[in-house]
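Q: So that you have it, the file is model.csv, and it contains CSV, C-alpha atoms (C1' of nucleotides):
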```csv
chain,number,residue,atom,x,y,z
A,1,MET,CA,-18.8,-5.2,39.6
A,2,VAL,CA,-18.6,-8.9,39.4
A,3,VAL,CA,-19.7,-11.8,41.6
A,4,VAL,CA,-17.3,-14.7,41.8
A,5,PHE,CA,-18.1,-18.0,43.4
A,6,LEU,CA,-15.0,-19.3,45.2
A,7,SER,CA,-14.6,-22.3,47.5
A,8,GLY,CA,-18.2,-22.4,48.4
A,9,GLY,CA,-18.5,-18.8,49.5
A,10,ILE,CA,-19.6,-15.7,47.6
A,11,ILE,CA,-17.0,-13.1,47.2
A,12,ILE,CA,-17.8,-9.7,45.8
A,13,VAL,CA,-15.0,-8.0,44.0
A,14,LYS,CA,-14.6,-4.8,42.1
A,15,ASP,CA,-13.9,-4.8,38.5
A,16,SER,CA,-10.5,-3.2,38.8
A,17,GLN,CA,-9.4,-5.9,41.2
A,18,ILE,CA,-10.6,-8.6,38.9
A,19,LYS,CA,-9.1,-7.4,35.8
A,20,GLY,CA,-6.4,-9.8,34.6
A,21,VAL,CA,-7.3,-12.5,37.1
A,22,SER,CA,-9.7,-14.8,35.5
A,23,VAL,CA,-13.1,-13.3,34.9
A,24,MET,CA,-13.6,-12.8,31.2
A,25,GLY,CA,-16.4,-10.4,30.3
A,26,ASN,CA,-15.8,-10.9,26.6
A,27,LEU,CA,-14.5,-13.0,23.8
A,28,ALA,CA,-11.2,-11.1,23.4
A,29,ASN,CA,-10.4,-11.6,27.0
A,30,ALA,CA,-11.2,-15.3,26.8
A,31,ILE,CA,-9.0,-15.7,23.9
A,32,GLU,CA,-6.2,-13.8,25.6
A,33,VAL,CA,-6.4,-16.0,28.6
A,34,TYR,CA,-6.6,-19.1,26.6
A,35,ILE,CA,-3.4,-18.2,24.7
A,36,LYS,CA,-1.6,-17.2,27.8
A,37,ARG,CA,-2.5,-20.5,29.4
A,38,LEU,CA,-1.2,-22.4,26.5
A,39,LEU,CA,2.0,-20.3,26.6
A,40,ALA,CA,2.4,-21.0,30.3
A,41,ALA,CA,2.1,-24.7,29.6
A,42,SER,CA,4.6,-24.7,26.8
A,43,PRO,CA,8.1,-25.5,27.9
A,44,ASN,CA,9.7,-22.7,25.9
A,45,ALA,CA,6.8,-20.2,26.0
A,46,THR,CA,6.2,-20.7,22.3
A,47,LEU,CA,2.9,-21.6,20.6
A,48,LEU,CA,2.2,-22.8,17.1
A,49,LEU,CA,-1.4,-22.7,16.1
A,50,GLN,CA,-3.8,-21.9,13.3
A,51,ARG,CA,-5.9,-18.8,13.2
A,52,LYS,CA,-8.8,-20.7,11.7
A,53,GLU,CA,-8.8,-23.4,14.3
A,54,LEU,CA,-8.6,-21.0,17.2
A,55,ALA,CA,-11.5,-19.0,15.7
A,56,GLU,CA,-13.5,-22.1,15.4
A,57,ARG,CA,-12.9,-23.1,19.0
A,58,PHE,CA,-14.2,-19.7,20.1
A,59,GLN,CA,-16.9,-19.6,17.4
A,60,CYS,CA,-15.9,-16.3,16.1
A,61,VAL,CA,-14.6,-14.8,12.9
A,62,PRO,CA,-10.9,-15.3,12.3
A,63,SER,CA,-10.1,-11.6,12.3
A,64,GLN,CA,-11.1,-11.6,16.0
A,65,ILE,CA,-7.9,-13.4,16.6
A,66,ASN,CA,-6.0,-10.6,14.9
A,67,TYR,CA,-7.7,-8.2,17.2
A,68,VAL,CA,-6.6,-10.0,20.2
A,69,LEU,CA,-3.1,-10.4,19.0
A,70,ALA,CA,-2.9,-6.7,18.0
A,71,THR,CA,-4.2,-5.4,21.3
A,72,ARG,CA,-2.7,-7.9,23.8
A,73,PHE,CA,0.3,-9.6,22.3
A,74,THR,CA,2.3,-6.8,20.8
A,75,ALA,CA,6.1,-6.3,21.2
A,76,GLY,CA,5.4,-3.7,23.8
A,77,HIS,CA,3.6,-6.4,25.8
A,78,GLY,CA,6.5,-8.6,25.5
A,79,TYR,CA,5.2,-11.0,22.8
A,80,LEU,CA,6.4,-11.9,19.4
A,81,VAL,CA,3.9,-13.0,16.8
A,82,GLU,CA,4.9,-14.4,13.4
A,83,SER,CA,2.7,-15.9,10.8
A,84,ARG,CA,2.5,-17.6,7.5
A,85,ARG,CA,-0.3,-17.7,5.0
A,86,GLY,CA,-1.4,-20.3,2.5
A,87,GLU,CA,-1.7,-24.0,3.0
A,88,GLY,CA,0.0,-25.0,6.2
A,89,GLY,CA,-0.3,-21.5,7.4
A,90,TYR,CA,0.1,-20.8,11.1
A,91,LEU,CA,0.5,-18.3,13.9
A,92,ARG,CA,3.5,-18.5,16.1
A,93,ILE,CA,3.2,-16.7,19.4
A,94,LYS,CA,6.1,-16.4,21.6
A,95,ARG,CA,6.3,-14.9,25.0
A,96,LEU,CA,9.6,-13.0,25.5
A,97,ASP,CA,11.2,-13.1,28.8
A,98,LEU,CA,13.5,-10.2,28.5
A,99,ASN,CA,16.1,-8.5,30.5
A,100,LYS,CA,14.2,-6.0,32.4
A,101,GLU,CA,16.6,-3.1,32.3
A,102,ARG,CA,17.1,-3.3,28.6
A,103,VAL,CA,13.4,-3.5,28.0
A,104,ASN,CA,12.7,-0.6,30.2
A,105,GLN,CA,15.2,1.6,28.4
A,106,LEU,CA,13.9,0.6,25.0
A,107,LEU,CA,10.4,1.3,26.1
A,108,SER,CA,11.4,4.7,27.5
A,109,VAL,CA,12.9,5.5,24.2
A,110,LEU,CA,9.8,4.3,22.4
A,111,ASN,CA,7.8,6.4,24.8
A,112,ASP,CA,9.9,9.5,24.0
A,113,LEU,CA,8.9,8.9,20.4
A,114,LYS,CA,5.3,9.4,21.1
A,115,ARG,CA,5.8,13.2,21.2
A,116,LYS,CA,7.1,15.2,18.3
A,117,ILE,CA,10.9,15.2,18.3
A,118,THR,CA,13.5,16.6,16.0
A,119,VAL,CA,15.8,14.5,13.9
A,120,ASN,CA,18.6,15.5,16.1
A,121,GLU,CA,16.8,14.3,19.2
A,122,ALA,CA,16.1,11.0,17.5
A,123,LEU,CA,19.7,10.5,16.6
A,124,GLY,CA,20.5,11.3,20.2
A,125,LEU,CA,18.1,8.6,21.4
A,126,ILE,CA,19.8,6.1,19.2
A,127,ASP,CA,23.2,7.1,20.5
A,128,ARG,CA,21.9,6.6,24.0
A,129,LEU,CA,21.1,3.1,23.2
A,130,ALA,CA,24.6,2.5,21.8
A,131,ASP,CA,26.1,4.0,25.0
A,132,ALA,CA,24.1,1.6,27.0
A,133,ARG,CA,25.3,-1.2,24.8
A,134,ILE,CA,21.8,-2.1,23.9
A,135,VAL,CA,22.7,-1.7,20.2
A,136,THR,CA,26.1,-2.3,18.6
A,137,ARG,CA,28.0,0.5,16.8
A,138,ARG,CA,27.0,-1.0,13.5
A,139,GLU,CA,23.4,-1.3,14.4
A,140,ASN,CA,23.5,2.3,15.6
A,141,GLU,CA,25.0,3.4,12.3
A,142,ILE,CA,22.5,1.4,10.3
A,143,MET,CA,19.6,3.0,12.1
A,144,LYS,CA,21.0,6.4,11.7
A,145,ALA,CA,21.5,5.9,8.0
A,146,ALA,CA,17.9,4.8,7.6
A,147,LEU,CA,16.6,7.6,9.6
A,148,THR,CA,18.5,10.4,7.9
A,149,GLN,CA,18.0,9.2,4.4
A,150,GLY,CA,17.0,12.0,2.1
A,151,LEU,CA,17.3,14.6,4.9
A,152,ARG,CA,19.0,17.9,4.8
A,153,ALA,CA,18.7,19.7,8.0
A,154,GLN,CA,18.8,17.8,11.3
A,155,ASN,CA,17.0,20.3,13.4
A,156,GLN,CA,13.7,19.8,11.8
A,157,LEU,CA,10.9,17.7,13.2
A,158,LEU,CA,11.0,14.0,12.5
A,159,SER,CA,8.4,13.0,10.0
A,160,ASN,CA,5.7,10.6,10.9
A,161,ASN,CA,7.1,8.0,8.6
A,162,LYS,CA,10.5,8.2,9.9
A,163,ARG,CA,9.3,8.1,13.5
A,164,GLU,CA,7.3,5.0,12.8
A,165,MET,CA,10.3,3.5,11.1
A,166,LEU,CA,12.4,4.1,14.1
A,167,VAL,CA,9.8,2.6,16.3
A,168,GLU,CA,9.7,-0.5,14.2
A,169,MET,CA,13.4,-0.8,14.2
A,170,LEU,CA,13.5,-0.6,18.0
A,171,GLU,CA,10.8,-3.2,18.2
A,172,VAL,CA,13.1,-5.5,16.5
A,173,LEU,CA,15.4,-5.1,19.4
A,174,LEU,CA,12.7,-5.7,21.8
A,175,LYS,CA,11.9,-8.9,20.1
A,176,ASP,CA,15.5,-10.0,20.2
A,177,SER,CA,15.2,-10.9,23.9
B,178,MET,CA,-7.6,-31.2,20.2
B,179,VAL,CA,-5.2,-33.3,22.1
B,180,VAL,CA,-4.6,-33.6,25.8
B,181,VAL,CA,-1.0,-34.1,26.9
B,182,PHE,CA,0.1,-35.1,30.4
B,183,LEU,CA,3.3,-33.5,31.4
B,184,SER,CA,5.0,-33.7,34.7
B,185,GLY,CA,1.9,-34.3,36.6
B,186,GLY,CA,-0.1,-31.5,35.2
B,187,ILE,CA,-2.6,-31.6,32.4
B,188,ILE,CA,-1.8,-29.5,29.5
B,189,ILE,CA,-4.2,-29.0,26.7
B,190,VAL,CA,-2.5,-28.7,23.4
B,191,LYS,CA,-4.0,-28.1,20.0
B,192,ASP,CA,-3.7,-30.3,17.0
B,193,SER,CA,-1.8,-27.8,15.1
B,194,GLN,CA,0.7,-27.3,17.9
B,195,ILE,CA,1.5,-31.0,17.8
B,196,LYS,CA,1.8,-31.0,14.1
B,197,GLY,CA,4.0,-28.0,14.0
B,198,VAL,CA,6.5,-29.5,16.3
B,199,SER,CA,7.3,-32.6,14.4
B,200,VAL,CA,5.7,-32.3,11.0
B,201,MET,CA,6.0,-29.7,8.3
B,202,GLY,CA,2.9,-27.9,7.5
B,203,ASN,CA,3.1,-28.4,3.8
B,204,LEU,CA,4.7,-30.2,1.0
B,205,ALA,CA,6.9,-27.4,-0.3
B,206,ASN,CA,8.5,-27.1,3.1
B,207,ALA,CA,9.0,-30.8,3.4
B,208,ILE,CA,10.7,-30.9,0.1
B,209,GLU,CA,12.8,-27.9,1.0
B,210,VAL,CA,14.0,-29.5,4.2
B,211,TYR,CA,14.7,-32.7,2.4
B,212,ILE,CA,16.9,-31.1,-0.2
B,213,LYS,CA,18.7,-29.1,2.3
B,214,ARG,CA,19.4,-32.2,4.3
B,215,LEU,CA,20.8,-33.9,1.3
B,216,LEU,CA,22.9,-30.9,0.6
B,217,ALA,CA,24.2,-30.8,4.1
B,218,ALA,CA,25.2,-34.4,3.8
B,219,SER,CA,26.9,-33.9,0.5
B,220,PRO,CA,30.7,-33.3,0.6
B,221,ASN,CA,30.8,-30.3,-1.7
B,222,ALA,CA,27.3,-29.1,-1.1
B,223,THR,CA,26.2,-30.3,-4.6
B,224,LEU,CA,23.3,-32.6,-5.4
B,225,LEU,CA,22.3,-34.5,-8.5
B,226,LEU,CA,18.9,-35.8,-8.7
B,227,GLN,CA,15.9,-36.4,-10.9
B,228,ARG,CA,12.8,-34.3,-10.7
B,229,LYS,CA,10.5,-37.2,-11.4
B,230,GLU,CA,12.0,-39.3,-8.7
B,231,LEU,CA,11.8,-36.6,-6.1
B,232,ALA,CA,8.2,-35.9,-7.1
B,233,GLU,CA,7.4,-39.6,-6.7
B,234,ARG,CA,9.0,-39.7,-3.3
B,235,PHE,CA,6.7,-36.9,-2.2
B,236,GLN,CA,3.7,-38.1,-4.2
B,237,CYS,CA,3.2,-34.9,-6.0
B,238,VAL,CA,3.3,-33.5,-9.5
B,239,PRO,CA,6.8,-32.8,-10.8
B,240,SER,CA,6.1,-29.1,-11.2
B,241,GLN,CA,5.9,-28.9,-7.5
B,242,ILE,CA,9.6,-29.5,-7.4
B,243,ASN,CA,10.0,-26.5,-9.7
B,244,TYR,CA,7.9,-24.5,-7.3
B,245,VAL,CA,10.2,-25.3,-4.4
B,246,LEU,CA,13.3,-24.6,-6.4
B,247,ALA,CA,11.9,-21.3,-7.7
B,248,THR,CA,10.9,-20.1,-4.3
B,249,ARG,CA,13.6,-21.4,-2.0
B,250,PHE,CA,16.7,-22.2,-4.1
B,251,THR,CA,17.2,-19.1,-6.1
B,252,ALA,CA,20.5,-17.3,-6.7
B,253,GLY,CA,19.1,-14.8,-4.4
B,254,HIS,CA,19.0,-17.4,-1.7
B,255,GLY,CA,22.5,-18.5,-2.5
B,256,TYR,CA,21.9,-21.6,-4.6
B,257,LEU,CA,22.7,-22.6,-8.1
B,258,VAL,CA,20.4,-24.9,-10.0
B,259,GLU,CA,21.2,-26.4,-13.3
B,260,SER,CA,19.2,-29.0,-15.2
B,261,ARG,CA,19.0,-31.1,-18.2
B,262,ARG,CA,16.0,-32.5,-20.0
B,263,GLY,CA,15.4,-35.6,-22.0
B,264,GLU,CA,16.5,-39.1,-21.2
B,265,GLY,CA,19.0,-39.1,-18.4
B,266,GLY,CA,17.8,-35.7,-17.4
B,267,TYR,CA,18.6,-34.3,-14.0
B,268,LEU,CA,18.6,-31.4,-11.6
B,269,ARG,CA,21.9,-30.2,-10.1
B,270,ILE,CA,21.5,-28.2,-7.0
B,271,LYS,CA,24.5,-26.5,-5.5
B,272,ARG,CA,24.7,-24.4,-2.4
B,273,LEU,CA,27.0,-21.5,-2.8
B,274,ASP,CA,29.0,-20.5,0.2
B,275,LEU,CA,30.3,-17.0,-0.5
B,276,ASN,CA,31.5,-16.0,2.8
B,277,LYS,CA,34.9,-15.1,1.4
B,278,GLU,CA,34.6,-11.9,-0.5
B,279,ARG,CA,32.2,-10.0,1.6
B,280,VAL,CA,32.9,-6.7,0.1
B,281,ASN,CA,32.4,-8.0,-3.4
B,282,GLN,CA,29.1,-9.5,-2.4
B,283,LEU,CA,28.0,-6.3,-0.9
B,284,LEU,CA,29.0,-4.4,-4.0
B,285,SER,CA,27.1,-6.8,-6.1
B,286,VAL,CA,24.1,-6.3,-4.0
B,287,LEU,CA,24.5,-2.6,-4.3
B,288,ASN,CA,24.8,-3.0,-8.0
B,289,ASP,CA,21.5,-4.9,-8.1
B,290,LEU,CA,19.9,-1.9,-6.5
B,291,LYS,CA,20.6,0.2,-9.5
B,292,ARG,CA,17.8,-1.4,-11.4
B,293,LYS,CA,14.2,-1.4,-10.2
B,294,ILE,CA,13.5,-4.2,-7.8
B,295,THR,CA,10.5,-5.2,-5.8
B,296,VAL,CA,10.3,-5.0,-2.0
B,297,ASN,CA,10.4,-8.8,-1.9
B,298,GLU,CA,13.6,-8.9,-3.9
B,299,ALA,CA,15.1,-6.3,-1.6
B,300,LEU,CA,14.2,-8.3,1.4
B,301,GLY,CA,15.7,-11.4,-0.3
B,302,LEU,CA,19.0,-9.5,-0.8
B,303,ILE,CA,19.1,-8.6,2.9
B,304,ASP,CA,18.4,-12.2,3.9
B,305,ARG,CA,21.2,-13.4,1.7
B,306,LEU,CA,23.6,-11.1,3.5
B,307,ALA,CA,22.5,-12.7,6.7
B,308,ASP,CA,23.0,-16.1,5.3
B,309,ALA,CA,26.5,-15.2,4.3
B,310,ARG,CA,27.1,-13.8,7.8
B,311,ILE,CA,27.8,-10.4,6.5
B,312,VAL,CA,25.1,-9.0,8.7
B,313,THR,CA,23.8,-10.3,11.9
B,314,ARG,CA,20.3,-11.5,12.4
B,315,ARG,CA,19.5,-8.3,14.3
B,316,GLU,CA,21.0,-6.1,11.7
B,317,ASN,CA,19.0,-8.0,9.1
B,318,GLU,CA,15.8,-7.5,11.0
B,319,ILE,CA,16.5,-3.8,11.6
B,320,MET,CA,17.1,-3.2,7.9
B,321,LYS,CA,14.0,-5.1,7.0
B,322,ALA,CA,12.0,-3.1,9.5
B,323,ALA,CA,13.2,0.1,8.1
B,324,LEU,CA,12.6,-1.0,4.6
B,325,THR,CA,9.1,-2.2,5.1
B,326,GLN,CA,7.9,0.7,7.2
B,327,GLY,CA,4.5,1.8,6.0
B,328,LEU,CA,4.2,-0.8,3.4
B,329,ARG,CA,1.3,-3.2,2.8
B,330,ALA,CA,2.1,-5.4,-0.2
B,331,GLN,CA,5.5,-6.7,-0.8
B,332,ASN,CA,5.3,-7.4,-4.5
B,333,GLN,CA,5.4,-3.8,-5.4
B,334,LEU,CA,8.4,-1.9,-6.6
B,335,LEU,CA,10.8,-0.5,-4.0
B,336,SER,CA,10.3,3.3,-3.9
B,337,ASN,CA,13.3,5.5,-4.7
B,338,ASN,CA,13.5,6.7,-1.1
B,339,LYS,CA,13.5,3.2,0.3
B,340,ARG,CA,16.1,2.1,-2.2
B,341,GLU,CA,18.3,4.9,-1.4
B,342,MET,CA,17.9,4.1,2.3
B,343,LEU,CA,19.0,0.6,1.7
B,344,VAL,CA,22.0,1.7,-0.2
B,345,GLU,CA,22.9,4.0,2.7
B,346,MET,CA,22.5,1.3,5.2
B,347,LEU,CA,24.6,-1.1,3.2
B,348,GLU,CA,27.3,1.6,2.9
B,349,VAL,CA,27.5,1.7,6.6
B,350,LEU,CA,28.5,-2.0,6.4
B,351,LEU,CA,31.0,-1.3,3.7
B,352,LYS,CA,32.7,1.3,5.8
B,353,ASP,CA,32.7,-1.0,8.7
B,354,SER,CA,35.0,-3.7,7.5
C,355,DA,C1',22.1,-38.9,-41.8
C,356,DT,C1',17.1,-38.5,-40.9
C,357,DT,C1',13.2,-39.1,-38.5
C,358,DG,C1',10.3,-40.8,-34.9
C,359,DT,C1',9.4,-41.5,-30.2
C,360,DA,C1',9.8,-42.0,-25.4
C,361,DA,C1',11.7,-39.9,-21.4
C,362,DT,C1',12.7,-36.0,-19.1
C,363,DG,C1',12.5,-31.3,-17.4
C,364,DG,C1',10.2,-26.3,-17.9
C,365,DT,C1',6.3,-22.8,-18.0
C,366,DC,C1',2.1,-21.0,-17.1
C,367,DT,C1',-2.2,-20.6,-15.1
C,368,DA,C1',-6.2,-21.6,-12.3
C,369,DG,C1',-8.0,-22.8,-7.9
C,370,DG,C1',-7.8,-23.4,-3.1
C,371,DA,C1',-6.1,-22.6,1.5
C,372,DA,C1',-4.5,-19.9,4.8
C,373,DG,C1',-3.7,-15.4,7.2
C,374,DG,C1',-4.2,-9.8,6.9
C,375,DT,C1',-6.6,-5.3,6.7
C,376,DC,C1',-10.0,-2.0,7.3
C,377,DA,C1',-14.0,0.1,8.6
C,378,DA,C1',-18.7,0.0,10.2
C,379,DA,C1',-21.8,-1.8,13.6
C,380,DA,C1',-22.5,-3.2,18.3
C,381,DA,C1',-21.4,-3.3,23.1
C,382,DA,C1',-19.4,-1.7,27.1
C,383,DG,C1',-17.4,1.9,30.0
C,384,DT,C1',-17.5,6.5,32.0
D,385,DA,C1',-24.4,11.3,25.9
D,386,DC,C1',-20.0,10.3,24.7
D,387,DT,C1',-15.9,7.6,24.2
D,388,DT,C1',-13.5,3.4,24.0
D,389,DT,C1',-13.4,-1.4,23.1
D,390,DT,C1',-15.0,-5.3,20.8
D,391,DT,C1',-17.1,-7.9,17.1
D,392,DT,C1',-18.1,-8.8,12.3
D,393,DG,C1',-17.8,-9.2,7.6
D,394,DA,C1',-16.2,-7.8,3.1
D,395,DC,C1',-12.3,-7.8,0.5
D,396,DC,C1',-7.0,-8.4,-0.1
D,397,DT,C1',-2.3,-10.7,-0.3
D,398,DT,C1',0.4,-14.6,0.1
D,399,DC,C1',1.5,-19.3,-0.4
D,400,DC,C1',0.8,-23.9,-2.2
D,401,DT,C1',-0.9,-27.5,-5.4
D,402,DA,C1',-2.2,-29.7,-9.6
D,403,DG,C1',-2.4,-30.1,-14.3
D,404,DA,C1',-2.3,-28.8,-19.2
D,405,DC,C1',0.8,-27.9,-22.5
D,406,DC,C1',5.8,-26.9,-24.2
D,407,DA,C1',11.0,-27.9,-25.0
D,408,DT,C1',14.9,-30.8,-25.1
D,409,DT,C1',17.5,-35.0,-25.2
D,410,DA,C1',18.8,-39.8,-26.1
D,411,DC,C1',18.1,-43.7,-28.7
D,412,DA,C1',16.1,-46.6,-32.1
D,413,DA,C1',14.4,-47.4,-36.7
D,414,DT,C1',14.9,-46.2,-41.2
```
Represent the structure from my file as structure tokens, please.

A:
Amino acid sequence: MVVVFLSGGIIIVKDSQIKGVSVMGNLANAIEVYIKRLLAASPNATLLLQRKELAERFQCVPSQINYVLATRFTAGHGYLVESRRGEGGYLRIKRLDLNKERVNQLLSVLNDLKRKITVNEALGLIDRLADARIVTRRENEIMKAALTQGLRAQNQLLSNNKREMLVEMLEVLLKDS
Amino acid sequence: MVVVFLSGGIIIVKDSQIKGVSVMGNLANAIEVYIKRLLAASPNATLLLQRKELAERFQCVPSQINYVLATRFTAGHGYLVESRRGEGGYLRIKRLDLNKERVNQLLSVLNDLKRKITVNEALGLIDRLADARIVTRRENEIMKAALTQGLRAQNQLLSNNKREMLVEMLEVLLKDS
DNA sequence: ATTGTAATGGTCTAGGAAGGTCAAAAAAGT
DNA sequence: ACTTTTTTGACCTTCCTAGACCATTACAAT
């Protein structure tokens, strides 16, 4: 439970209600909110900043920034994060405002991937995306080629590696916007 | 930290964000952009210049130019660089536009795959296909995602499996058109 | 012709400046 | 108590920069 002072009065609110509003119980949340505010202020929802600087501003180790990005700014959350190392290094964070239906379909496919599925089922999922015009025929073929590389039977379970690979390929599509 | 006033609201923007918009983060990038601009302005996409002069313009050691050429203007990136030493020495940089013989290019890429290449080289090859408009940006990203699945370092050799996978993906493109 | 020399460009390596990863410790939920 | 989330820090990879030293070329002096 958290107590919030608002316009002079005292309002008592439950945690669950407050989540995501503006109370930040911890660093990670604070950083998340900060980044989101900057994104909101940016005309094209894109941010360019340095991990080191951000860490300094919040007086934490740089890897904390990675934690925040990894837990709150993933493709699944609708964000795209790119980076570059070395001198002049940076983080580029972009909020993707995507077509809802496409995203939902992709996410549902991604969701299906969480359980064990066979190669055949995976290929079926990919075809579904092609049917829905979410991927082109070529993209469809490319993904299938990648997925079936070195495979004999198609009625076996999809290996972890291959599943992960499919997920990553689909995430590319999510990022595409 | 910089405060920017925008359409009535106060938006807080970080240094780095400002920098990233207008200025290149580092020397190498600046030089790259400069060369590419010159190339774009040149009638036949060919440039003749002196390493020393260029280095002077950017106030850096001459070998910095070599670094830029070696990392951004390789054959893999679709550029041709020749040079001559001694008095009257020069650098000749040419951008190759190979859009014509797509199939040949694909075949040459496939050929490159016969020998051992690193992950980085493989990614470069794929990028080159995108540059030449043989694959779309999305296809490019999909293939890269598939290729780098489960990989940490990029300077290691491409595994046999992954190489085979790339070949199969490229063969999809060959069949296509 | 031969040789010397200055003017170029090339290579290689060390060092520094980012950002990334991983796992253990600490804190917060349940 | 147990589980999940957060926080830290040690160590790693990538990228960039500078500089020492090497190779080639044109031109002048012999």

Q: Can you work out the spacing between CA of Leu123 (chain A) and CA of Gly76 (chain A) in Å, to one decimal?

A: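 For CA of Leu123 (chain A) relative to CA of Gly76 (chain A), the distance reads 21.4 Å.
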
Q: Which is closer to chain D than all the others in B:Leu351, B:Leu215, B:Ala330, B:Ala207, using all atoms listed in the file?

A: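 The closest residue to chain D is B:Ala330.
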
Q: Go ahead and find all residues with at least one atom no further than 12 Å from (28.1, -9.3, 11.6) in the file's coordinates, using only C-alpha atoms (C1' of nucleotides); report them as a PDB file with C-alpha atoms, keeping the file's coordinate frame.

A:
```
ATOM      1  CA  THR A 136      26.100  -2.300  18.600  1.00  0.00           C
ATOM      2  CA  ARG A 137      28.000   0.500  16.800  1.00  0.00           C
ATOM      3  CA  ARG A 138      27.000  -1.000  13.500  1.00  0.00           C
ATOM      4  CA  GLU A 139      23.400  -1.300  14.400  1.00  0.00           C
TER       5      GLU A 139
ATOM      6  CA  ASN B 276      31.500 -16.000   2.800  1.00  0.00           C
ATOM      7  CA  ARG B 279      32.200 -10.000   1.600  1.00  0.00           C
ATOM      8  CA  LEU B 306      23.600 -11.100   3.500  1.00  0.00           C
ATOM      9  CA  ALA B 307      22.500 -12.700   6.700  1.00  0.00           C
ATOM     10  CA  ASP B 308      23.000 -16.100   5.300  1.00  0.00           C
ATOM     11  CA  ALA B 309      26.500 -15.200   4.300  1.00  0.00           C
ATOM     12  CA  ARG B 310      27.100 -13.800   7.800  1.00  0.00           C
ATOM     13  CA  ILE B 311      27.800 -10.400   6.500  1.00  0.00           C
ATOM     14  CA  VAL B 312      25.100  -9.000   8.700  1.00  0.00           C
ATOM     15  CA  THR B 313      23.800 -10.300  11.900  1.00  0.00           C
ATOM     16  CA  ARG B 314      20.300 -11.500  12.400  1.00  0.00           C
ATOM     17  CA  ARG B 315      19.500  -8.300  14.300  1.00  0.00           C
ATOM     18  CA  GLU B 316      21.000  -6.100  11.700  1.00  0.00           C
ATOM     19  CA  ASN B 317      19.000  -8.000   9.100  1.00  0.00           C
ATOM     20  CA  LEU B 350      28.500  -2.000   6.400  1.00  0.00           C
ATOM     21  CA  LEU B 351      31.000  -1.300   3.700  1.00  0.00           C
ATOM     22  CA  ASP B 353      32.700  -1.000   8.700  1.00  0.00           C
ATOM     23  CA  SER B 354      35.000  -3.700   7.500  1.00  0.00           C
TER      24      SER B 354
END
```

Q: Could the residues of chain C that have an atom at most 10 Å from chain A be listed as a tab-separated table, each with its closest atom pair and the distance in Å to one decimal, counting all atoms listed in the file and ordered by chain and ascending residue number?

A:
```
residue	atom	partner	partner_atom	distance
C:DG370	C1'	A:Glu87	CA	8.6
C:DA371	C1'	A:Glu87	CA	4.9
C:DA372	C1'	A:Gly86	CA	3.9
C:DG373	C1'	A:Arg85	CA	4.7
C:DG374	C1'	A:Ser63	CA	8.2
C:DT375	C1'	A:Ser63	CA	9.1
C:DA382	C1'	A:Gly25	CA	9.7
```

Q: Using C-alpha atoms (C1' of nucleotides), can you write the selected residues to a file as a PDB file, in the coordinates of the input?

A:
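Saved as result.pdb:
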```pdb
ATOM      1  C1'  DG C 370      -7.800 -23.400  -3.100  1.00  0.00           C
ATOM      2  C1'  DA C 371      -6.100 -22.600   1.500  1.00  0.00           C
ATOM      3  C1'  DA C 372      -4.500 -19.900   4.800  1.00  0.00           C
ATOM      4  C1'  DG C 373      -3.700 -15.400   7.200  1.00  0.00           C
ATOM      5  C1'  DG C 374      -4.200  -9.800   6.900  1.00  0.00           C
ATOM      6  C1'  DT C 375      -6.600  -5.300   6.700  1.00  0.00           C
ATOM      7  C1'  DA C 382     -19.400  -1.700  27.100  1.00  0.00           C
TER       8       DA C 382
END
```

Q: Between D:DA394, D:DA385, D:DA413, D:DA404, which has the minimum distance to chain A (counting only C-alpha atoms (C1' of nucleotides))?

A: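 Result for the nearest residue to chain A: D:DA394.
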
Q: Could you check how far CA of Glu32 (chain A) sits from CA of Thr71 (chain A), in Å to one decimal?

A: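 For CA of Glu32 (chain A) relative to CA of Thr71 (chain A), the distance reads 9.6 Å.
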
Q: Residues of chain D near chain A: apply a cut-off of 12 Å, count only C-alpha atoms (C1' of nucleotides), and supply the list as a ChimeraX atom specification.

A: /D:389-394,397-401

Q: Counting only C-alpha atoms, which of A:Leu110, A:Ile93, A:Val81, A:Ala70 gets nearest to chain B?

A: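 Going through A:Leu110, A:Ile93, A:Val81, A:Ala70 one by one, the smallest distance to chain B is for A:Ile93.
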
Q: Nearest to chain B among A:Ile35, A:Leu96, A:Leu157, A:Ile117, with distances taken over all atoms listed in the file: which residue is it?

A: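 For chain B, the nearest of the given residues is A:Ile35.
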
Q: Give me, please, the distance in Å between CA of Tyr79 (chain A) and CA of Arg95 (chain A), quoted to one decimal.

A: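 Distance reported for this atom pair: 4.6 Å.
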
Q: Of the candidates A:Arg115, A:His77, A:Lys144, A:Arg152, which one gets nearest to chain B if we count only C-alpha atoms?

A: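 Among the listed residues, the smallest separation from chain B belongs to A:Lys144.
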
Q: Using all atoms listed in the file, pick whichever of D:DC406, D:DC386, D:DA412, D:DC396 has the shortest atom-to-atom distance to DT365 (chain C).

A: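 Closest candidate: D:DC406.
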